[in-house]
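K.L.:
Below is the file upload.cif, which contains mmCIF, C-alpha atoms.
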data_final
loop_
_atom_site.group_PDB
_atom_site.id
_atom_site.type_symbol
_atom_site.label_atom_id
_atom_site.label_comp_id
_atom_site.auth_asym_id
_atom_site.auth_seq_id
_atom_site.Cartn_x
_atom_site.Cartn_y
_atom_site.Cartn_z
ATOM 1 C CA MET A 1 62.204 95.296 78.439
ATOM 2 C CA ALA A 2 62.401 93.355 81.707
ATOM 3 C CA ARG A 3 59.201 91.683 82.882
ATOM 4 C CA THR A 4 57.897 92.309 86.381
ATOM 5 C CA TYR A 5 55.085 90.978 88.555
ATOM 6 C CA THR A 6 53.274 92.868 91.307
ATOM 7 C CA VAL A 7 52.697 90.697 94.378
ATOM 8 C CA GLU A 8 49.123 89.966 95.436
ATOM 9 C CA GLU A 9 47.781 88.529 98.701
ATOM 10 C CA GLY A 10 48.948 84.927 99.120
ATOM 11 C CA ASP A 11 51.859 85.131 96.667
ATOM 12 C CA CYS A 12 55.398 83.966 97.370
ATOM 13 C CA VAL A 13 58.390 83.610 95.064
ATOM 14 C CA SER A 14 57.671 79.903 94.589
ATOM 15 C CA SER A 15 54.078 80.413 93.423
ATOM 16 C CA ILE A 16 55.078 83.335 91.192
ATOM 17 C CA ALA A 17 57.904 81.351 89.613
ATOM 18 C CA HIS A 18 55.652 78.317 89.026
ATOM 19 C CA ALA A 19 53.002 80.461 87.327
ATOM 20 C CA HIS A 20 55.612 81.846 84.916
ATOM 21 C CA GLY A 21 57.460 78.609 84.194
ATOM 22 C CA LEU A 22 60.590 79.564 86.122
ATOM 23 C CA SER A 23 62.476 78.100 89.071
ATOM 24 C CA PRO A 24 62.060 79.887 92.430
ATOM 25 C CA GLN A 25 65.827 80.098 92.909
ATOM 26 C CA ARG A 26 66.322 81.732 89.502
ATOM 27 C CA VAL A 27 63.633 84.325 90.240
ATOM 28 C CA TRP A 28 64.829 85.105 93.774
ATOM 29 C CA GLU A 29 68.480 85.406 92.739
ATOM 30 C CA ALA A 30 67.801 87.529 89.642
ATOM 31 C CA PRO A 31 69.854 90.765 89.634
ATOM 32 C CA GLY A 32 66.641 92.762 89.291
ATOM 33 C CA ASN A 33 65.505 91.466 92.692
ATOM 34 C CA GLU A 34 68.554 92.565 94.679
ATOM 35 C CA ALA A 35 66.675 95.382 96.439
ATOM 36 C CA LEU A 36 63.763 93.032 97.188
ATOM 37 C CA ARG A 37 66.128 90.480 98.753
ATOM 38 C CA GLN A 38 67.611 93.170 100.977
ATOM 39 C CA GLU A 39 64.192 94.372 102.139
ATOM 40 C CA ARG A 40 62.305 91.093 102.557
ATOM 41 C CA THR A 41 65.149 88.611 103.347
ATOM 42 C CA SER A 42 62.846 85.600 102.742
ATOM 43 C CA PRO A 43 61.315 84.501 99.411
ATOM 44 C CA HIS A 44 58.429 82.957 101.347
ATOM 45 C CA VAL A 45 57.151 86.210 102.888
ATOM 46 C CA LEU A 46 56.302 89.028 100.520
ATOM 47 C CA LYS A 47 54.011 92.028 100.878
ATOM 48 C CA PRO A 48 51.181 92.812 98.456
ATOM 49 C CA GLY A 49 52.465 95.549 96.178
ATOM 50 C CA ASP A 50 56.068 94.296 96.116
ATOM 51 C CA VAL A 51 57.437 94.130 92.581
ATOM 52 C CA VAL A 52 59.280 90.968 91.517
ATOM 53 C CA ALA A 53 61.553 90.985 88.464
ATOM 54 C CA LEU A 54 61.032 87.967 86.204
ATOM 55 C CA PRO A 55 64.187 86.812 84.391
ATOM 56 C CA ASP A 56 64.018 85.438 80.860
ATOM 57 C CA LYS A 57 63.570 81.718 80.508
ATOM 58 C CA GLU A 58 66.812 79.861 79.990
ATOM 59 C CA ALA A 59 66.838 77.155 77.335
ATOM 60 C CA ARG A 60 68.729 74.013 78.282
ATOM 61 C CA HIS A 61 69.772 71.246 75.924
ATOM 62 C CA VAL A 62 70.058 67.794 77.493
ATOM 63 C CA PRO A 63 71.244 64.799 75.422
ATOM 64 C CA CYS A 64 68.817 61.871 75.709
ATOM 65 C CA ALA A 65 68.795 58.436 74.149
ATOM 66 C CA THR A 66 65.854 57.700 71.855
ATOM 67 C CA GLY A 67 63.429 54.894 72.600
ATOM 68 C CA ARG A 68 63.591 55.466 76.342
ATOM 69 C CA THR A 69 61.561 57.330 78.976
ATOM 70 C CA HIS A 70 63.303 60.237 80.683
ATOM 71 C CA THR A 71 62.246 62.061 83.847
ATOM 72 C CA PHE A 72 63.108 65.712 84.537
ATOM 73 C CA LYS A 73 62.562 67.308 87.931
ATOM 74 C CA LEU A 74 61.903 71.034 88.336
ATOM 75 C CA LYS A 75 64.073 72.473 91.094
ATOM 76 C CA GLY A 76 62.337 74.047 94.085
ATOM 77 C CA ILE A 77 59.016 72.223 93.646
ATOM 78 C CA PRO A 78 57.301 71.412 95.918
ATOM 79 C CA GLU A 79 57.778 73.856 98.751
ATOM 80 C CA ARG A 80 57.437 72.659 102.334
ATOM 81 C CA PHE A 81 54.532 73.104 104.731
ATOM 82 C CA ARG A 82 55.808 73.240 108.320
ATOM 83 C CA LEU A 83 53.600 73.745 111.364
ATOM 84 C CA ARG A 84 54.506 73.109 115.007
ATOM 85 C CA LEU A 85 51.638 72.351 117.411
ATOM 86 C CA HIS A 86 51.841 73.414 121.066
ATOM 87 C CA GLU A 87 49.514 73.125 124.046
ATOM 88 C CA ASN A 88 50.140 74.907 127.360
ATOM 89 C CA GLY A 89 53.692 75.676 126.252
ATOM 90 C CA ALA A 90 54.577 72.057 125.417
ATOM 91 C CA PRO A 91 54.757 70.457 121.953
ATOM 92 C CA ARG A 92 51.879 68.158 120.980
ATOM 93 C CA THR A 93 53.914 65.081 120.121
ATOM 94 C CA ARG A 94 52.786 61.972 118.243
ATOM 95 C CA VAL A 95 49.301 63.354 117.594
ATOM 96 C CA PRO A 96 47.528 61.911 114.505
ATOM 97 C CA TYR A 97 46.547 64.503 111.900
ATOM 98 C CA ARG A 98 44.986 64.826 108.460
ATOM 99 C CA LEU A 99 46.110 67.753 106.322
ATOM 100 C CA THR A 100 44.363 68.670 103.076
ATOM 101 C CA LEU A 101 46.270 70.922 100.660
ATOM 102 C CA GLY A 102 44.169 71.446 97.558
ATOM 103 C CA GLN A 103 43.727 67.970 96.053
ATOM 104 C CA VAL A 104 46.583 66.505 98.100
ATOM 105 C CA VAL A 105 45.913 64.817 101.457
ATOM 106 C CA HIS A 106 48.643 64.024 104.010
ATOM 107 C CA GLU A 107 47.970 61.779 106.994
ATOM 108 C CA GLY A 108 50.414 61.015 109.784
ATOM 109 C CA GLU A 109 51.365 62.127 113.270
ATOM 110 C CA THR A 110 53.400 65.009 114.648
ATOM 111 C CA ASN A 111 57.036 64.285 115.516
ATOM 112 C CA ASP A 112 58.790 64.608 118.885
ATOM 113 C CA GLN A 113 58.815 68.402 118.499
ATOM 114 C CA GLY A 114 55.117 68.577 117.593
ATOM 115 C CA LEU A 115 56.016 69.344 113.972
ATOM 116 C CA ILE A 116 54.085 68.625 110.783
ATOM 117 C CA ASP A 117 56.357 68.765 107.721
ATOM 118 C CA CYS A 118 55.255 67.863 104.192
ATOM 119 C CA GLY A 119 55.384 69.061 100.603
ATOM 120 C CA ILE A 120 52.921 71.681 99.386
ATOM 121 C CA PRO A 121 51.728 72.152 95.781
ATOM 122 C CA PRO A 122 52.690 75.547 94.285
ATOM 123 C CA GLY A 123 50.013 78.212 94.485
ATOM 124 C CA THR A 124 48.042 76.536 97.292
ATOM 125 C CA ARG A 125 46.137 79.250 99.158
ATOM 126 C CA GLU A 126 44.314 77.281 101.838
ATOM 127 C CA ALA A 127 44.769 74.157 103.943
ATOM 128 C CA LYS A 128 42.461 72.201 106.217
ATOM 129 C CA LEU A 129 43.995 70.590 109.299
ATOM 130 C CA GLU A 130 42.168 67.953 111.334
ATOM 131 C CA VAL A 131 43.926 67.061 114.585
ATOM 132 C CA GLY A 132 42.797 65.842 118.010
ATOM 133 C CA GLY A 133 39.098 66.097 117.123
ATOM 134 C CA GLU A 134 39.575 69.728 116.052
ATOM 135 C CA GLU A 135 39.451 71.248 112.585
ATOM 136 C CA TYR A 136 41.306 74.354 111.421
ATOM 137 C CA THR A 137 41.241 76.256 108.136
ATOM 138 C CA LEU A 138 44.644 77.778 107.420
ATOM 139 C CA SER A 139 45.230 80.676 105.011
ATOM 140 C CA LEU A 140 48.585 80.201 103.302
ATOM 141 C CA GLY A 141 50.822 82.999 102.084
ATOM 142 C CA THR A 142 49.042 85.737 104.034
ATOM 143 C CA LEU A 143 51.804 86.376 106.587
ATOM 144 C CA GLN A 144 53.216 89.880 106.125
ATOM 145 C CA PRO A 145 56.976 90.617 106.317
ATOM 146 C CA ILE A 146 58.241 91.102 109.863
ATOM 147 C CA SER A 147 59.372 94.622 108.959
ATOM 148 C CA THR A 148 55.698 95.651 108.825
ATOM 149 C CA ASP A 149 53.385 96.293 111.778
ATOM 150 C CA GLU A 150 50.977 93.658 110.421
ATOM 151 C CA GLY A 151 53.750 91.066 110.256
ATOM 152 C CA LEU A 152 54.924 91.849 113.782
ATOM 153 C CA ARG A 153 51.421 91.536 115.253
ATOM 154 C CA ALA A 154 50.632 88.342 113.336
ATOM 155 C CA ARG A 155 53.716 86.572 114.672
ATOM 156 C CA LEU A 156 52.982 87.612 118.245
ATOM 157 C CA VAL A 157 49.399 86.366 117.851
ATOM 158 C CA ASN A 158 50.516 83.054 116.338
ATOM 159 C CA LEU A 159 53.011 82.493 119.151
ATOM 160 C CA GLY A 160 50.382 83.213 121.811
ATOM 161 C CA PHE A 161 51.773 86.509 123.165
ATOM 162 C CA LEU A 162 49.009 88.749 121.787
ATOM 163 C CA ALA A 163 45.245 88.286 121.535
ATOM 164 C CA GLU A 164 43.992 88.336 117.946
ATOM 165 C CA ASP A 165 41.531 91.157 118.632
ATOM 166 C CA ALA A 166 43.953 93.274 120.680
ATOM 167 C CA THR A 167 44.470 96.670 119.058
ATOM 168 C CA GLU A 168 45.677 98.795 121.984
ATOM 169 C CA GLU A 169 49.287 99.966 121.875
ATOM 170 C CA ASP A 170 49.731 98.949 125.528
ATOM 171 C CA ALA A 171 48.751 95.362 124.655
ATOM 172 C CA LEU A 172 51.348 95.252 121.875
ATOM 173 C CA THR A 173 54.038 96.660 124.175
ATOM 174 C CA ALA A 174 53.215 94.061 126.840
ATOM 175 C CA ALA A 175 53.260 91.268 124.244
ATOM 176 C CA VAL A 176 56.657 92.365 122.939
ATOM 177 C CA ALA A 177 58.025 92.527 126.499
ATOM 178 C CA SER A 178 56.707 89.032 127.270
ATOM 179 C CA PHE A 179 58.305 87.645 124.127
ATOM 180 C CA GLN A 180 61.605 89.377 124.904
ATOM 181 C CA ALA A 181 61.645 87.926 128.411
ATOM 182 C CA GLU A 182 60.993 84.397 127.123
ATOM 183 C CA ALA A 183 63.705 84.834 124.482
ATOM 184 C CA GLY A 184 66.237 85.837 127.157
ATOM 185 C CA MET A 185 66.285 89.496 126.139
ATOM 186 C CA MET A 186 65.776 92.657 128.183
ATOM 187 C CA PRO A 187 61.948 93.049 128.330
ATOM 188 C CA THR A 188 61.752 96.673 127.218
ATOM 189 C CA GLY A 189 58.617 96.287 125.110
ATOM 190 C CA THR A 190 60.388 98.232 122.360
ATOM 191 C CA VAL A 191 60.684 96.622 118.929
ATOM 192 C CA ASP A 192 64.238 96.827 117.593
ATOM 193 C CA ASP A 193 66.201 94.857 114.984
ATOM 194 C CA ALA A 194 67.340 92.274 117.554
ATOM 195 C CA THR A 195 63.745 91.659 118.662
ATOM 196 C CA ARG A 196 62.529 91.276 115.076
ATOM 197 C CA SER A 197 65.357 88.834 114.383
ATOM 198 C CA LYS A 198 64.503 86.708 117.435
ATOM 199 C CA LEU A 199 60.811 86.813 116.562
ATOM 200 C CA ARG A 200 61.508 85.729 112.981
ATOM 201 C CA GLU A 201 63.637 82.860 114.301
ATOM 202 C CA ALA A 202 61.006 81.752 116.850
ATOM 203 C CA HIS A 203 58.102 81.923 114.417
ATOM 204 C CA GLY A 204 59.640 80.653 111.198
ATOM 205 C CA ALA A 205 58.329 81.420 107.743
#
What do you get writing this file as structure tokens?

P.N.:
Amino acid sequence: MARTYTVEEGDCVSSIAHAHGLSPQRVWEAPGNEALRQERTSPHVLKPGDVVALPDKEARHVPCATGRTHTFKLKGIPERFRLRLHENGAPRTRVPYRLTLGQVVHEGETNDQGLIDCGIPPGTREAKLEVGGEEYTLSLGTLQPISTDEGLRARLVNLGFLAEDATEEDALTAAVASFQAEAGMMPTGTVDDATRSKLREAHGA
């Protein structure tokens, strides 16, 4: 009988695969996950309640010489943490930062696009970012798929088009129209497949 796993808050394919001793690619590409791939499109953004099929482990035999040390690398580990910092519409370039991911600490500065890019240990649920005298606590893996209302709102909030506490339908319509205008689309305020695609592209995973 095929094994399955029901997604919980903060899960992604990488963390699920790591917990079960599998590679993320093998899990995501498993035949039993074809419907999930069609619905979610990204292994990094799943919805609590999604069901992930877990393929059987595949034994591999690798010839090794005795009396020597051999190193084996698990594919797909670590995943990447990517965050772009903006201020007043412009990227915050060459800004020193300190990023704590579990027991791992990264220190550096943002690049010319205001981007922070580093490896992230599997299963990390929270990060602490210190930058420009400010400190932020980031919840990882909580972004909902863009096909959901929660995922749509979260991306608009993160991109600065919608206030976090805005719940009125008119506010959402205005935010969608503003995003469409900035993306070079007709600002109808109506969410269609083209708008979701542009929003996914602008926000990233």

K.L.:
Near Ala202 of chain A, within 10 Å and counting all atoms listed in the file, which residues show up once chain neighbours fewer than 2 positions away are dropped, as number ranges by chain?

P.N.:
A: 155, 159, 179, 183, 196-200, 204-205

K.L.:
Tell me, as a VMD selection string, which residues lie within 12 Å of Pro24 of chain A, counting only C-alpha atoms; anything in the same chain fewer than 4 positions away does not count.

P.N.:
chain A and resid 12 to 20 28 to 30 42 to 44 52 to 55 74 to 79 122

K.L.:
With all atoms listed in the file as the counted atoms, please give the residues lying no more than 12 Å from Glu39 of chain A, apart from itself and same-chain residues fewer than 6 positions off, as a ChimeraX atom specification.

P.N.:
/A:33,45-47,50-51,145-148

K.L.:
To one decimal place, how far is atom CA of Leu162 of chain A from atom CA of Glu126 of chain A in Å?

P.N.:
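Atom-to-atom, atom CA of Leu162 of chain A and atom CA of Glu126 of chain A are spaced 23.5 Å apart.
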
K.L.:
Between atom CA of Val27 of chain A and atom CA of Arg40 of chain A, what is the spacing in Å?

P.N.:
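That distance, rounded to one decimal, is 14.1 Å.
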
K.L.:
The PyMOL selection byres ((chain A and resi 101) around 7) - which residues does that actually catch in the file I just gave you? List them as a list in words.

P.N.:
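So the PyMOL selection byres ((chain A and resi 101) around 7) ends up selecting Leu99, Thr100, Gly102, Gln103, Val104, Val105, Ile120, Thr124, Glu126, Ala127 and Lys128 of chain A.
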
K.L.:
One decimal, Å: what's the distance from atom CA of Asp117 of chain A over to atom CA of Arg94 of chain A, could you say?

P.N.:
13.0 Å

K.L.:
What's around Val157 of chain A at 12 Å? Count all atoms listed in the file, leave out sequence neighbours fewer than 4 positions away in its own chain, and write the answer as a list of chain:residue names.

P.N.:
A:Leu143, A:Glu150, A:Gly151, A:Leu152, A:Arg153, A:Phe161, A:Leu162, A:Ala163, A:Glu164, A:Asp165, A:Ala166, A:Thr167, A:Ala171, A:Leu172, A:Ala175, A:Val176, A:Phe179, A:Leu199, A:His203

K.L.:
Export C-alpha atoms of the chosen residues as a PDB file, in the coordinates of the input?

P.N.:
ATOM      1  CA  LEU A 143      51.804  86.376 106.587  1.00  0.00           C
ATOM      2  CA  GLU A 150      50.977  93.658 110.421  1.00  0.00           C
ATOM      3  CA  GLY A 151      53.750  91.066 110.256  1.00  0.00           C
ATOM      4  CA  LEU A 152      54.924  91.849 113.782  1.00  0.00           C
ATOM      5  CA  ARG A 153      51.421  91.536 115.253  1.00  0.00           C
ATOM      6  CA  PHE A 161      51.773  86.509 123.165  1.00  0.00           C
ATOM      7  CA  LEU A 162      49.009  88.749 121.787  1.00  0.00           C
ATOM      8  CA  ALA A 163      45.245  88.286 121.535  1.00  0.00           C
ATOM      9  CA  GLU A 164      43.992  88.336 117.946  1.00  0.00           C
ATOM     10  CA  ASP A 165      41.531  91.157 118.632  1.00  0.00           C
ATOM     11  CA  ALA A 166      43.953  93.274 120.680  1.00  0.00           C
ATOM     12  CA  THR A 167      44.470  96.670 119.058  1.00  0.00           C
ATOM     13  CA  ALA A 171      48.751  95.362 124.655  1.00  0.00           C
ATOM     14  CA  LEU A 172      51.348  95.252 121.875  1.00  0.00           C
ATOM     15  CA  ALA A 175      53.260  91.268 124.244  1.00  0.00           C
ATOM     16  CA  VAL A 176      56.657  92.365 122.939  1.00  0.00           C
ATOM     17  CA  PHE A 179      58.305  87.645 124.127  1.00  0.00           C
ATOM     18  CA  LEU A 199      60.811  86.813 116.562  1.00  0.00           C
ATOM     19  CA  HIS A 203      58.102  81.923 114.417  1.00  0.00           C
TER      20      HIS A 203
END

K.L.:
Closest to Pro121 of chain A among A:Pro96, A:Pro91, A:Ala174, A:Arg80, using only C-alpha atoms?

P.N.:
A:Arg80

K.L.:
Give me the result of the PyMOL selection byres ((chain A and resi 141) around 6) on this file, residue by residue, as a list in words.

P.N.:
Gly10, Asp11, Leu140, Thr142 and Leu143 of chain A

K.L.:
Draw an axis-aligned box tight on the listed atoms of segment 77-92 of chain A, then pad every side by 5 Å and write out centre and edge lengths in Å to one decimal as JSON.

P.N.:
{"center_x": 54.3, "center_y": 71.9, "center_z": 110.5, "size_x": 19.5, "size_y": 17.5, "size_z": 43.7}

K.L.:
Counting all atoms listed in the file, which residue out of A:Gly21, A:Gly160, A:Pro31, A:Gly108 sits closest to Ala59 of chain A?

P.N.:
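Distance minimum relative to Ala59 of chain A lands on A:Gly21.
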
K.L.:
Name the closest residue to Glu182 of chain A among the candidates A:Arg60, A:Glu135, A:Thr195, A:Arg92; distances are taken between atoms, counting all atoms listed in the file.

P.N.:
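Among the listed residues, the smallest separation from Glu182 of chain A belongs to A:Thr195.
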
K.L.:
Given the choices A:Gly119, A:Gly184, A:Gly114, A:Gly32, which gets closest to Leu85 of chain A if the distance is worked out from all atoms listed in the file?

P.N.:
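Closest residue, counting all atoms listed in the file: A:Gly114.
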
K.L.:
What lies within 8 Å of Ala177 of chain A using all atoms listed in the file, ignoring chain neighbours under 5 positions off, as a PyMOL selection string?

P.N.:
chain A and resi 186-190

K.L.:
Taking the file above as input, evaluate the PyMOL selection byres ((chain A and resi 98) around 6) and report the hits as a PyMOL selection string.

P.N.:
chain A and resi 97+99+106-107+129-130

K.L.:
Can I get the selection written as a PDB file, in the coordinates of the input, with C-alpha atoms?

P.N.:
ATOM      1  CA  TYR A  97      46.547  64.503 111.900  1.00  0.00           C
ATOM      2  CA  LEU A  99      46.110  67.753 106.322  1.00  0.00           C
ATOM      3  CA  HIS A 106      48.643  64.024 104.010  1.00  0.00           C
ATOM      4  CA  GLU A 107      47.970  61.779 106.994  1.00  0.00           C
ATOM      5  CA  LEU A 129      43.995  70.590 109.299  1.00  0.00           C
ATOM      6  CA  GLU A 130      42.168  67.953 111.334  1.00  0.00           C
TER       7      GLU A 130
END
